[in-house]
$ cat my_file_20.cif   # mmCIF, C-alpha atoms (C1' of nucleotides)
data_coords
loop_
_atom_site.label_atom_id
_atom_site.label_comp_id
_atom_site.auth_asym_id
_atom_site.auth_seq_id
_atom_site.Cartn_x
_atom_site.Cartn_y
_atom_site.Cartn_z
CA MET A 29 -20.38 -20.11 -30.36
CA ASP A 30 -21.89 -19.01 -27.08
CA THR A 31 -20.39 -15.69 -26.10
CA PHE A 32 -21.63 -16.33 -22.57
CA ILE A 33 -19.64 -19.51 -22.10
CA THR A 34 -16.93 -17.79 -20.02
CA LEU A 35 -19.54 -16.42 -17.65
CA ARG A 36 -21.38 -19.74 -17.46
CA LYS A 37 -18.22 -21.51 -16.42
CA TYR A 38 -17.49 -18.83 -13.90
CA ILE A 39 -20.91 -19.18 -12.31
CA GLN A 40 -20.60 -22.95 -12.19
CA ASN A 41 -17.54 -22.56 -10.00
CA TYR A 42 -19.73 -21.04 -7.33
CA ILE A 43 -23.18 -22.60 -7.53
CA GLN A 44 -25.08 -25.46 -9.13
CA LEU A 45 -27.89 -24.25 -11.35
CA GLY A 46 -30.36 -26.07 -13.56
CA PRO A 47 -30.31 -25.08 -17.25
CA GLU A 48 -33.30 -22.78 -16.94
CA GLU A 49 -31.99 -21.19 -13.74
CA GLU A 50 -28.69 -20.57 -15.43
CA ASP A 51 -30.33 -19.00 -18.46
CA TYR A 52 -32.44 -16.85 -16.20
CA PHE A 53 -29.24 -15.57 -14.57
CA ILE A 54 -27.39 -15.13 -17.85
CA LYS A 55 -30.22 -13.18 -19.42
CA LYS A 56 -29.74 -10.38 -16.93
CA PHE A 57 -26.39 -9.62 -18.51
CA SER A 58 -25.97 -7.44 -21.56
CA LYS A 59 -23.00 -7.25 -23.87
CA LYS A 60 -20.94 -4.13 -24.05
CA LYS A 61 -17.97 -3.24 -26.19
CA VAL A 62 -15.55 -0.56 -25.12
CA VAL A 63 -12.57 0.93 -26.90
CA LYS A 64 -9.17 1.68 -25.45
CA ARG A 65 -9.25 4.63 -23.07
CA GLN A 66 -13.05 4.55 -22.88
CA ILE A 67 -14.28 5.51 -19.43
CA LEU A 68 -16.91 3.28 -17.84
CA LEU A 69 -17.19 5.16 -14.57
CA GLU A 70 -15.91 8.44 -13.17
CA PRO A 71 -15.74 9.89 -9.66
CA GLY A 72 -19.06 11.44 -8.68
CA GLN A 73 -21.14 9.04 -10.72
CA ILE A 74 -22.98 6.18 -9.06
CA ALA A 75 -21.88 2.77 -10.30
CA LYS A 76 -24.81 1.09 -12.01
CA HIS A 77 -23.17 -2.13 -13.15
CA ARG A 78 -20.91 -4.96 -12.29
CA ASN A 79 -18.68 -5.61 -15.30
CA PHE A 80 -17.49 -9.07 -16.27
CA VAL A 81 -14.62 -9.09 -18.74
CA LEU A 82 -14.94 -11.50 -21.66
CA GLU A 83 -11.93 -10.14 -23.48
CA GLY A 84 -9.54 -7.26 -23.07
CA ALA A 85 -8.26 -5.45 -20.01
CA LEU A 86 -9.50 -2.69 -17.72
CA ARG A 87 -8.25 -0.73 -14.80
CA ALA A 88 -9.70 1.17 -11.85
CA TYR A 89 -7.80 4.02 -10.24
CA VAL A 90 -8.15 7.00 -7.97
CA LEU A 91 -6.52 10.40 -8.24
CA GLY A 92 -4.32 11.49 -5.33
CA GLU A 93 -4.09 15.03 -3.93
CA ASP A 94 -1.37 15.99 -6.34
CA GLY A 95 -3.10 14.42 -9.33
CA GLN A 96 -1.16 11.21 -9.50
CA GLU A 97 -3.01 8.02 -10.37
CA HIS A 98 -3.18 5.08 -7.96
CA THR A 99 -4.39 1.86 -9.51
CA ILE A 100 -6.91 0.05 -7.32
CA SER A 101 -7.61 -2.95 -9.51
CA PHE A 102 -7.12 -4.59 -12.86
CA ALA A 103 -9.46 -6.89 -14.73
CA ILE A 104 -8.71 -9.24 -17.60
CA GLU A 105 -10.71 -12.10 -19.08
CA GLY A 106 -12.86 -13.81 -16.46
CA TRP A 107 -12.55 -11.03 -13.87
CA TRP A 108 -14.99 -8.45 -12.57
CA ILE A 109 -14.47 -4.74 -12.22
CA THR A 110 -16.36 -1.74 -10.88
CA ASP A 111 -16.09 0.77 -8.04
CA TYR A 112 -17.26 -1.66 -5.43
CA GLN A 113 -18.02 0.87 -2.71
CA SER A 114 -20.09 2.87 -5.15
CA LEU A 115 -22.03 -0.13 -6.45
CA VAL A 116 -22.76 -1.79 -3.12
CA PHE A 117 -23.78 1.33 -1.23
CA GLN A 118 -25.02 3.25 -4.29
CA GLN A 119 -22.81 6.16 -3.35
CA PRO A 120 -20.83 8.46 -5.62
CA ALA A 121 -17.75 6.74 -7.00
CA THR A 122 -14.21 7.78 -6.12
CA GLN A 123 -12.61 5.65 -8.81
CA TYR A 124 -12.26 5.84 -12.55
CA VAL A 125 -12.87 2.63 -14.46
CA VAL A 126 -11.28 2.69 -17.91
CA ALA A 127 -10.40 0.27 -20.68
CA LEU A 128 -6.71 -0.39 -21.19
CA GLU A 129 -7.51 -1.89 -24.59
CA ASP A 130 -10.58 -2.61 -26.72
CA SER A 131 -12.65 -4.97 -24.59
CA HIS A 132 -15.82 -7.05 -24.49
CA LEU A 133 -17.84 -6.94 -21.30
CA LEU A 134 -20.98 -8.39 -19.82
CA GLN A 135 -22.87 -6.05 -17.54
CA ILE A 136 -25.46 -6.72 -14.90
CA SER A 137 -27.29 -3.76 -13.43
CA PHE A 138 -27.54 -3.11 -9.72
CA GLU A 139 -31.33 -3.46 -9.86
CA ASP A 140 -31.22 -6.79 -11.68
CA GLU A 141 -28.66 -8.05 -9.24
CA GLU A 142 -30.81 -7.05 -6.29
CA PHE A 143 -33.81 -8.67 -7.90
CA LEU A 144 -31.96 -11.91 -8.52
CA LYS A 145 -30.71 -12.06 -4.96
CA SER A 146 -34.20 -11.68 -3.55
CA HIS A 147 -35.67 -13.99 -6.16
CA SER A 148 -33.72 -17.14 -5.34
CA PRO A 149 -31.27 -18.08 -2.59
CA LYS A 150 -28.93 -19.63 -5.16
CA TYR A 151 -28.18 -16.26 -6.67
CA GLU A 152 -27.75 -14.84 -3.20
CA THR A 153 -25.25 -17.60 -2.53
CA PHE A 154 -23.36 -16.76 -5.70
CA PHE A 155 -22.87 -13.16 -4.69
CA ARG A 156 -22.06 -14.10 -1.12
CA LYS A 157 -19.34 -16.46 -2.20
CA HIS A 158 -18.05 -13.96 -4.69
CA ALA A 159 -17.80 -11.26 -2.03
CA GLU A 160 -16.12 -13.66 0.41
CA ARG A 161 -13.53 -14.68 -2.11
CA ALA A 162 -12.89 -11.09 -3.14
CA LEU A 163 -12.53 -10.17 0.51
CA ALA A 164 -9.91 -12.86 1.07
CA TYR A 165 -7.94 -11.53 -1.90
CA ARG A 166 -8.12 -7.97 -0.63
CA TYR A 167 -6.65 -9.17 2.67
CA ARG A 168 -3.89 -10.87 0.75
CA ARG A 169 -3.08 -7.61 -0.96
CA ILE A 170 -3.08 -5.67 2.30
CA ILE A 171 -0.72 -8.22 3.81
CA THR A 172 1.72 -8.17 0.91
CA ASN A 173 1.66 -4.36 0.93
CA LEU A 174 2.49 -4.25 4.63
CA THR A 175 5.01 -7.07 4.52
CA LEU A 176 7.07 -6.75 1.36
CA ASN A 177 9.38 -4.14 -0.11
CA ALA A 178 8.96 -2.80 -3.63
CA GLU A 179 10.98 -5.50 -5.39
CA ASP A 180 9.27 -8.36 -3.57
CA ARG A 181 5.84 -6.89 -4.22
CA TYR A 182 6.64 -6.91 -7.91
CA LEU A 183 7.95 -10.48 -7.82
CA ASP A 184 4.90 -11.61 -5.87
CA PHE A 185 2.59 -10.03 -8.42
CA LEU A 186 4.58 -11.48 -11.28
CA LYS A 187 4.28 -14.94 -9.78
CA ASN A 188 0.56 -14.72 -9.05
CA TYR A 189 -0.66 -12.73 -12.04
CA PRO A 190 1.76 -13.26 -14.94
CA LYS A 191 -0.99 -12.70 -17.52
CA VAL A 192 -1.84 -9.33 -16.07
CA VAL A 193 1.78 -8.22 -16.12
CA LEU A 194 1.92 -8.94 -19.85
CA LYS A 195 -1.23 -6.96 -20.66
CA VAL A 196 -0.88 -3.92 -18.52
CA PRO A 197 1.20 -0.77 -19.09
CA GLN A 198 4.11 -0.34 -16.73
CA TYR A 199 2.95 2.88 -15.13
CA ALA A 200 -0.36 1.25 -14.21
CA LEU A 201 1.34 -1.74 -12.65
CA ALA A 202 3.75 0.48 -10.76
CA SER A 203 0.94 2.54 -9.28
CA TYR A 204 -0.91 -0.66 -8.35
CA LEU A 205 2.15 -1.90 -6.50
CA GLY A 206 2.64 1.42 -4.77
CA MET A 207 5.82 2.60 -6.47
CA THR A 208 6.85 4.94 -9.28
CA THR A 209 7.23 3.93 -12.91
CA GLU A 210 10.91 4.80 -12.74
CA PHE A 211 11.53 2.56 -9.80
CA LEU A 212 9.68 -0.38 -11.34
CA SER A 213 11.78 0.10 -14.43
CA LYS A 214 14.93 -0.13 -12.33
CA ILE A 215 13.66 -3.23 -10.54
CA ARG A 216 13.01 -4.94 -13.84
CA HIS A 217 16.45 -4.00 -15.07
CA ARG A 218 17.92 -5.54 -11.91
CA GLN A 219 15.91 -8.72 -12.51
CA LEU A 220 17.22 -9.00 -16.05
CA LEU A 221 20.79 -8.85 -14.80
CA LYS A 222 20.14 -11.57 -12.20
CA ARG A 223 18.71 -13.86 -14.86
CA THR A 224 22.21 -14.60 -16.21
CA MET B 5 -29.56 -8.11 31.10
CA ASP B 6 -29.28 -9.90 27.76
CA THR B 7 -25.63 -10.43 26.99
CA PHE B 8 -26.58 -10.98 23.37
CA ILE B 9 -28.15 -7.56 22.93
CA THR B 10 -25.12 -6.13 21.11
CA LEU B 11 -25.22 -8.97 18.61
CA ARG B 12 -28.99 -8.71 18.19
CA LYS B 13 -28.71 -5.06 17.30
CA TYR B 14 -25.89 -5.81 14.93
CA ILE B 15 -27.91 -8.43 13.09
CA GLN B 16 -30.91 -6.13 12.86
CA ASN B 17 -28.78 -3.68 10.92
CA TYR B 18 -28.50 -6.21 8.13
CA ILE B 19 -31.68 -8.29 8.05
CA GLN B 20 -35.22 -8.40 9.42
CA LEU B 21 -35.86 -11.52 11.47
CA GLY B 22 -38.88 -12.69 13.46
CA PRO B 23 -38.26 -13.31 17.16
CA GLU B 24 -37.91 -17.08 16.74
CA GLU B 25 -35.64 -16.71 13.68
CA GLU B 26 -33.48 -14.34 15.62
CA ASP B 27 -33.25 -16.67 18.59
CA TYR B 28 -32.41 -19.51 16.26
CA PHE B 29 -29.52 -17.47 14.93
CA ILE B 30 -28.35 -16.27 18.32
CA LYS B 31 -28.35 -19.78 19.77
CA LYS B 32 -25.56 -20.78 17.41
CA PHE B 33 -23.24 -18.44 19.25
CA SER B 34 -21.39 -19.41 22.39
CA LYS B 35 -19.79 -17.09 24.91
CA LYS B 36 -16.07 -17.06 25.37
CA LYS B 37 -13.86 -15.10 27.73
CA VAL B 38 -10.23 -14.50 26.94
CA VAL B 39 -7.50 -12.84 28.96
CA LYS B 40 -4.94 -10.32 27.78
CA ARG B 41 -2.34 -11.91 25.49
CA GLN B 42 -4.43 -15.06 25.05
CA ILE B 43 -4.06 -16.49 21.57
CA LEU B 44 -7.24 -17.44 19.72
CA LEU B 45 -5.60 -18.54 16.50
CA GLU B 46 -2.05 -19.18 15.30
CA PRO B 47 -0.50 -19.68 11.86
CA GLY B 48 -0.93 -23.26 10.69
CA GLN B 49 -4.21 -23.81 12.50
CA ILE B 50 -7.48 -23.73 10.63
CA ALA B 51 -9.84 -21.02 11.81
CA LYS B 52 -12.94 -22.64 13.26
CA HIS B 53 -14.84 -19.58 14.40
CA ARG B 54 -15.97 -16.12 13.59
CA ASN B 55 -15.50 -14.02 16.73
CA PHE B 56 -17.85 -11.19 17.66
CA VAL B 57 -16.49 -8.86 20.31
CA LEU B 58 -18.89 -7.94 23.13
CA GLU B 59 -16.25 -6.21 25.21
CA GLY B 60 -12.50 -5.73 25.05
CA ALA B 61 -10.09 -5.53 22.16
CA LEU B 62 -8.29 -7.97 19.88
CA ARG B 63 -5.76 -7.86 17.14
CA ALA B 64 -4.74 -10.01 14.17
CA TYR B 65 -1.23 -9.87 12.81
CA VAL B 66 1.27 -11.69 10.62
CA LEU B 67 4.98 -12.17 11.12
CA GLY B 68 7.27 -10.77 8.42
CA GLU B 69 10.46 -12.42 7.16
CA ASP B 70 12.57 -10.74 9.79
CA GLY B 71 10.13 -11.48 12.60
CA GLN B 72 8.45 -8.11 12.78
CA GLU B 73 4.71 -7.99 13.40
CA HIS B 74 2.29 -6.47 10.89
CA THR B 75 -1.17 -5.81 12.21
CA ILE B 76 -3.89 -6.87 9.81
CA SER B 77 -6.93 -5.93 11.83
CA PHE B 78 -8.28 -4.77 15.14
CA ALA B 79 -11.58 -5.56 16.76
CA ILE B 80 -13.36 -3.77 19.59
CA GLU B 81 -16.95 -3.97 20.83
CA GLY B 82 -19.36 -4.74 18.01
CA TRP B 83 -16.67 -5.87 15.53
CA TRP B 84 -15.72 -9.27 14.17
CA ILE B 85 -12.31 -10.83 13.99
CA THR B 86 -10.70 -13.97 12.61
CA ASP B 87 -8.26 -14.99 9.89
CA TYR B 88 -10.74 -14.55 7.11
CA GLN B 89 -8.85 -16.46 4.45
CA SER B 90 -8.44 -19.39 6.80
CA LEU B 91 -12.08 -19.42 7.86
CA VAL B 92 -13.65 -19.01 4.44
CA PHE B 93 -11.47 -21.49 2.59
CA GLN B 94 -10.72 -23.69 5.62
CA GLN B 95 -7.02 -23.37 4.93
CA PRO B 96 -4.16 -23.03 7.42
CA ALA B 97 -4.05 -19.58 8.96
CA THR B 98 -1.24 -17.12 8.37
CA GLN B 99 -2.34 -14.74 11.08
CA TYR B 100 -2.24 -14.68 14.85
CA VAL B 101 -5.40 -13.54 16.60
CA VAL B 102 -4.72 -12.38 20.15
CA ALA B 103 -6.47 -10.45 22.89
CA LEU B 104 -5.09 -7.01 23.61
CA GLU B 105 -7.02 -7.00 26.91
CA ASP B 106 -9.40 -9.28 28.77
CA SER B 107 -12.36 -9.65 26.45
CA HIS B 108 -15.81 -11.18 26.04
CA LEU B 109 -16.57 -12.83 22.72
CA LEU B 110 -19.39 -14.62 20.98
CA GLN B 111 -18.27 -17.38 18.66
CA ILE B 112 -20.06 -19.09 15.81
CA SER B 113 -18.45 -22.17 14.33
CA PHE B 114 -17.77 -22.59 10.65
CA GLU B 115 -20.12 -25.59 10.49
CA ASP B 116 -22.98 -23.78 12.20
CA GLU B 117 -22.51 -20.83 9.91
CA GLU B 118 -22.61 -23.08 6.85
CA PHE B 119 -25.70 -24.78 8.20
CA LEU B 120 -27.46 -21.50 8.83
CA LYS B 121 -26.69 -20.23 5.34
CA SER B 122 -28.16 -23.32 3.72
CA HIS B 123 -31.06 -23.39 6.13
CA SER B 124 -32.60 -20.03 5.34
CA PRO B 125 -31.86 -17.36 2.74
CA LYS B 126 -32.11 -14.66 5.39
CA TYR B 127 -28.97 -15.91 7.09
CA GLU B 128 -27.32 -16.18 3.71
CA THR B 129 -28.24 -12.56 3.11
CA PHE B 130 -26.74 -11.54 6.42
CA PHE B 131 -23.38 -13.04 5.60
CA ARG B 132 -23.49 -11.73 2.04
CA LYS B 133 -24.11 -8.20 3.23
CA HIS B 134 -21.48 -8.56 5.88
CA ALA B 135 -18.88 -9.69 3.35
CA GLU B 136 -19.83 -6.90 0.95
CA ARG B 137 -19.47 -4.27 3.60
CA ALA B 138 -16.19 -5.71 4.80
CA LEU B 139 -14.97 -5.75 1.21
CA ALA B 140 -15.78 -2.09 0.74
CA TYR B 141 -13.82 -1.25 3.89
CA ARG B 142 -10.84 -3.29 2.73
CA TYR B 143 -10.83 -1.27 -0.47
CA ARG B 144 -10.90 1.88 1.56
CA ARG B 145 -7.84 0.76 3.45
CA ILE B 146 -6.00 -0.19 0.27
CA ILE B 147 -6.78 3.24 -1.16
CA THR B 148 -5.61 5.18 1.90
CA ASN B 149 -2.44 3.06 2.03
CA LEU B 150 -1.65 3.84 -1.60
CA THR B 151 -2.67 7.47 -1.42
CA LEU B 152 -1.52 8.93 1.88
CA ASN B 153 1.81 9.42 3.61
CA ALA B 154 2.46 8.18 7.14
CA GLU B 155 1.16 11.26 8.93
CA ASP B 156 -2.04 11.44 6.90
CA ARG B 157 -2.70 7.73 7.36
CA TYR B 158 -2.53 8.27 11.09
CA LEU B 159 -4.82 11.29 10.98
CA ASP B 160 -7.28 9.42 8.77
CA PHE B 161 -7.36 6.53 11.19
CA LEU B 162 -7.71 8.86 14.16
CA LYS B 163 -10.69 10.53 12.52
CA ASN B 164 -12.44 7.32 11.54
CA TYR B 165 -11.62 5.09 14.49
CA PRO B 166 -10.98 7.30 17.52
CA LYS B 167 -12.15 4.59 19.93
CA VAL B 168 -9.67 2.11 18.54
CA VAL B 169 -6.79 4.55 18.89
CA LEU B 170 -7.57 4.91 22.58
CA LYS B 171 -7.65 1.18 23.25
CA VAL B 172 -4.77 -0.09 21.25
CA PRO B 173 -1.03 -0.07 22.07
CA GLN B 174 1.06 2.22 19.94
CA TYR B 175 3.26 -0.43 18.37
CA ALA B 176 0.17 -2.30 17.17
CA LEU B 177 -1.32 0.82 15.63
CA ALA B 178 1.97 1.72 13.99
CA SER B 179 2.28 -1.69 12.37
CA TYR B 180 -1.35 -1.48 11.22
CA LEU B 181 -0.62 1.84 9.57
CA GLY B 182 2.55 0.53 7.96
CA MET B 183 5.13 2.51 9.91
CA THR B 184 7.46 2.00 12.87
CA THR B 185 6.59 2.71 16.49
CA GLU B 186 9.29 5.34 16.60
CA PHE B 187 7.93 7.20 13.65
CA LEU B 188 4.36 7.16 14.96
CA SER B 189 5.69 8.54 18.21
CA LYS B 190 7.30 11.41 16.32
CA ILE B 191 4.13 12.07 14.35
CA ARG B 192 2.12 12.30 17.57
CA HIS B 193 4.66 14.64 19.05
CA ARG B 194 4.38 16.86 15.99
CA GLN B 195 0.58 16.84 16.32
CA LEU B 196 0.79 17.93 19.95
CA LEU B 197 2.90 20.91 18.98
CA LYS B 198 0.45 21.95 16.27
CA ARG B 199 -2.43 21.84 18.74
CA THR B 200 -1.31 25.11 20.38
"C1'" DC C 10 10.85 -3.25 44.45
"C1'" DG C 11 12.54 -4.72 40.22
"C1'" DC C 12 11.76 -6.37 35.75
"C1'" DG C 13 9.50 -6.53 31.41
"C1'" DA C 14 6.58 -4.15 28.29
"C1'" DC C 15 5.86 0.07 26.14
"C1'" DG C 16 6.99 4.61 24.55
"C1'" DT C 17 10.36 8.59 23.46
"C1'" DT C 18 14.12 11.08 21.46
"C1'" DG C 19 18.11 11.92 18.60
"C1'" DA C 20 21.78 10.54 15.17
"C1'" DT C 21 22.44 8.16 11.16
"C1'" DT C 22 21.21 5.50 7.12
"C1'" DT C 23 18.54 3.95 3.19
"C1'" DG C 24 14.80 2.67 0.00
"C1'" DC C 25 12.36 4.91 -2.87
"C1'" DC C 26 10.94 9.42 -4.97
"C1'" DT C 27 11.69 13.53 -7.74
"C1'" DC C 28 13.39 15.76 -11.45
"C1'" DA C 29 15.34 15.92 -15.85
"C1'" DA C 30 16.74 14.40 -20.23
"C1'" DC C 31 16.51 11.23 -23.50
"C1'" DG C 32 14.96 6.65 -26.50
"C1'" DA C 33 11.36 3.82 -28.42
"C1'" DT C 34 6.99 2.88 -29.93
"C1'" DT C 35 2.35 4.01 -31.25
"C1'" DG C 36 -1.12 6.62 -33.27
"C1'" DT C 37 -2.94 10.12 -36.25
"C1'" DG C 38 -4.00 13.92 -39.38
"C1'" DG C 39 -2.54 15.84 -43.69
"C1'" DC D 6 2.04 6.61 -46.17
"C1'" DC D 7 4.82 9.57 -44.02
"C1'" DA D 8 5.84 13.19 -40.39
"C1'" DC D 9 5.44 14.48 -36.10
"C1'" DA D 10 3.29 14.35 -31.65
"C1'" DA D 11 1.76 11.80 -27.89
"C1'" DT D 12 2.46 8.13 -24.97
"C1'" DC D 13 5.31 5.05 -22.66
"C1'" DG D 14 9.59 3.40 -20.84
"C1'" DT D 15 14.73 4.13 -19.40
"C1'" DT D 16 18.63 6.01 -17.06
"C1'" DG D 17 21.16 8.85 -13.83
"C1'" DA D 18 21.85 12.52 -10.18
"C1'" DG D 19 20.31 14.24 -6.13
"C1'" DG D 20 16.93 14.57 -2.22
"C1'" DC D 21 13.70 13.26 1.32
"C1'" DA D 22 10.44 10.48 4.14
"C1'" DA D 23 10.69 6.97 6.93
"C1'" DA D 24 13.60 3.09 8.80
"C1'" DT D 25 17.24 1.68 11.73
"C1'" DC D 26 19.97 1.86 15.65
"C1'" DA D 27 20.84 3.11 20.24
"C1'" DA D 28 20.02 4.92 24.67
"C1'" DC D 29 17.07 6.24 27.91
"C1'" DG D 30 12.29 7.31 30.46
"C1'" DT D 31 8.05 5.45 32.43
"C1'" DC D 32 4.64 2.73 33.98
"C1'" DG D 33 2.19 -1.38 35.58
"C1'" DC D 34 2.28 -5.52 37.81
"C1'" DG D 35 4.02 -10.05 39.76
#
$ encode --input "my_file_20.cif" --output "structure tokens"
Amino acid sequence: MDTFITLRKYIQNYIQLGPEEEDYFIKKFSKKKVVKRQILLEPGQIAKHRNFVLEGALRAYVLGEDGQEHTISFAIEGWWITDYQSLVFQQPATQYVVALEDSHLLQISFEDEEFLKSHSPKYETFFRKHAERALAYRYRRIITNLTLNAEDRYLDFLKNYPKVVLKVPQYALASYLGMTTEFLSKIRHRQLLKRT
Amino acid sequence: MDTFITLRKYIQNYIQLGPEEEDYFIKKFSKKKVVKRQILLEPGQIAKHRNFVLEGALRAYVLGEDGQEHTISFAIEGWWITDYQSLVFQQPATQYVVALEDSHLLQISFEDEEFLKSHSPKYETFFRKHAERALAYRYRRIITNLTLNAEDRYLDFLKNYPKVVLKVPQYALASYLGMTTEFLSKIRHRQLLKRT
DNA sequence: CGCGACGTTGATTTGCCTCAACGATTGTGG
DNA sequence: CCACAATCGTTGAGGCAAATCAACGTCGCG
């Protein structure tokens, strides 16, 4: 069984590659296993990889003034995760990237990515489309954050990412949605009551 | 005086083009003048252009449930504006794009942009880098929104975009920062007192 | 000049946070 | 394999940052 099949399918959603072009792309990725709580990136370090999740779940967060964690992104199977600002501009990271459970990743290094992009326009197109799509999603998040109250933000997330909700600890989800664990707990309690 | 000089300089920040390549790029843009309050895009329409601001100021916003406006982005000289989700996926817009004052724009159509990207990898690279940079900035905004309180969000914006603060009406800035006009007014009052 | 758009100020309300104490579940070293 | 400690989630009381509501000031412009 090809462990790269998830990535192959992902790539095919963006660009059309011949078999050898696809292999050439795939070969730049290396497998990595991480255990729960393992840290992939810490503030101050420069992100060296884009991480594609084959299996498991990860989370990126920043620390606020008073030490509280604010979740910036999640990643489950078929998603990417890294400190994007750090990777793209090769600047020190501000985010932690950690595993929420034992996970299997595929990593491509910044250098290999740069090489690929200059090597063939198809790879350039892949990363362009990927960035465009990611950008559209970030806008969506900004809009929901500005527009909705705590309960509706939760319901929106639940509707759009039900798999993530199941995998992720409550405090992480709460901090992603911009509320406290306690309040999310109360919202969920309220939802349970409504469901009868 | 070359009215395209601002755009030329902008492009040169991202890619190296020969004179004829650059002209080829530039020729895809057409000039457009808009007056204050003129609407460039409304919800339901499909965004047909990327707009580069030569002069003036614009604003994109969505309407919340209860009819209140939430500013998604601003654009002043040297910035781009459109409903990104609508443009990239050619879906119906959710945002309004309007002029905050009489403005001069350069527009490139979606089709021309697509053509350029398939025509030469350099143009593809331009749009890839542009999307990557925009993405990093969107993350920055998400982080400040999660991390800071109302006053600190204002101060952060003031520090990073002083020119925008000067050009933009208060209610638009307040809704961009996720607070009410009244509260922003009070914050500014507080700041004035501190400054003595 | 008069009206509409924009901003200010104060009184009151509220959505969400903080704090605190307590279950439930998981993990781990002896 | 159990005991006990973390870790994670729940529940309630009280507090605060920011919203709402309301009334009024100001400025630009048709």
$ axis_aligned_box --input "my_file_20.cif" --around "region 12-21 of chain D" --padding-each-side "5 Å" --output "AutoDock Vina command-line options"
--center_x 12.2 --center_y 9.0 --center_z -11.8 --size_x 29.4 --size_y 21.2 --size_z 36.3
$ atom_distance --input "my_file_20.cif" --atom1 "CA of Leu69 (chain A)" --atom2 "CA of His98 (chain A)"
15.5 Å
$ interface_residues --input "my_file_20.cif" --of "chain A" --to "chain B" --cutoff "6 Å" --atoms "all atoms listed in the file" --output "list in words"
Gly92, Gln113, Pro149, Arg156, Ala159, Glu160, Leu163, Ala164, Leu174, Thr175 and Gly206 of chain A
$ resolve_selection --input "my_file_20.cif" --expression "the PyMOL selection byres ((chain C) within 10 of (chain A))" --output "MDAnalysis selection string"
chainID C and resid 24:27
$ atom_distance --input "my_file_20.cif" --atom1 "CA of Gln42 (chain B)" --atom2 "CA of Val102 (chain B)"
5.6 Å
$ interface_residues --input "my_file_20.cif" --of "chain D" --to "chain A" --cutoff "12 Å" --atoms "all atoms listed in the file" --output "number ranges by chain"
D: 12-17
$ atom_distance --input "my_file_20.cif" --atom1 "CA of Arg157 (chain B)" --atom2 "CA of Leu170 (chain B)"
16.2 Å
$ resolve_selection --input "my_file_20.cif" --expression "the PyMOL selection byres ((chain A and resi 108) around 6)" --output "list in words"
Asn79, Phe80, Trp107 and Ile109 of chain A
$ write_last_selection --input "my_file_20.cif" --atoms "C-alpha atoms" --output "short mmCIF file (atom, residue, chain, number, x, y, z; two decimals), in the frame of the given file"
data_model
loop_
_atom_site.label_atom_id
_atom_site.label_comp_id
_atom_site.auth_asym_id
_atom_site.auth_seq_id
_atom_site.Cartn_x
_atom_site.Cartn_y
_atom_site.Cartn_z
CA ASN A 79 -18.68 -5.61 -15.30
CA PHE A 80 -17.49 -9.07 -16.27
CA TRP A 107 -12.55 -11.03 -13.87
CA ILE A 109 -14.47 -4.74 -12.22
#
$ residues_around --input "my_file_20.cif" --residues "Glu59 (chain B)" --least-positions-apart "5" --cutoff "9 Å" --atoms "all atoms listed in the file" --output "mmCIF file with C-alpha atoms, in the coordinates of the input"
data_model
loop_
_atom_site.group_PDB
_atom_site.id
_atom_site.type_symbol
_atom_site.label_atom_id
_atom_site.label_comp_id
_atom_site.auth_asym_id
_atom_site.auth_seq_id
_atom_site.Cartn_x
_atom_site.Cartn_y
_atom_site.Cartn_z
ATOM 1 C CA ILE B 80 -13.360 -3.770 19.590
ATOM 2 C CA GLU B 81 -16.950 -3.970 20.830
ATOM 3 C CA GLY B 82 -19.360 -4.740 18.010
ATOM 4 C CA ASP B 106 -9.400 -9.280 28.770
ATOM 5 C CA SER B 107 -12.360 -9.650 26.450
ATOM 6 C CA HIS B 108 -15.810 -11.180 26.040
ATOM 7 C CA LEU B 109 -16.570 -12.830 22.720
#
$ closest_residue --input "my_file_20.cif" --among "C:DC10, C:DA20, C:DG32, C:DG39" --to "DG35 (chain D)" --atoms "all atoms listed in the file"
C:DC10
$ resolve_selection --input "my_file_20.cif" --expression "the PyMOL selection byres ((chain A and resi 183) around 12)" --output "list in words"
Thr172, Leu176, Asn177, Ala178, Glu179, Asp180, Arg181, Tyr182, Asp184, Phe185, Leu186, Lys187, Asn188, Tyr189, Pro190, Val193, Leu201, Leu205, Leu212, Ile215, Arg216, Arg218 and Gln219 of chain A
$ write_last_selection --input "my_file_20.cif" --atoms "C-alpha atoms" --output "short mmCIF file (atom, residue, chain, number, x, y, z; two decimals), in the frame of the given file"
data_model
loop_
_atom_site.label_atom_id
_atom_site.label_comp_id
_atom_site.auth_asym_id
_atom_site.auth_seq_id
_atom_site.Cartn_x
_atom_site.Cartn_y
_atom_site.Cartn_z
CA THR A 172 1.72 -8.17 0.91
CA LEU A 176 7.07 -6.75 1.36
CA ASN A 177 9.38 -4.14 -0.11
CA ALA A 178 8.96 -2.80 -3.63
CA GLU A 179 10.98 -5.50 -5.39
CA ASP A 180 9.27 -8.36 -3.57
CA ARG A 181 5.84 -6.89 -4.22
CA TYR A 182 6.64 -6.91 -7.91
CA ASP A 184 4.90 -11.61 -5.87
CA PHE A 185 2.59 -10.03 -8.42
CA LEU A 186 4.58 -11.48 -11.28
CA LYS A 187 4.28 -14.94 -9.78
CA ASN A 188 0.56 -14.72 -9.05
CA TYR A 189 -0.66 -12.73 -12.04
CA PRO A 190 1.76 -13.26 -14.94
CA VAL A 193 1.78 -8.22 -16.12
CA LEU A 201 1.34 -1.74 -12.65
CA LEU A 205 2.15 -1.90 -6.50
CA LEU A 212 9.68 -0.38 -11.34
CA ILE A 215 13.66 -3.23 -10.54
CA ARG A 216 13.01 -4.94 -13.84
CA ARG A 218 17.92 -5.54 -11.91
CA GLN A 219 15.91 -8.72 -12.51
#
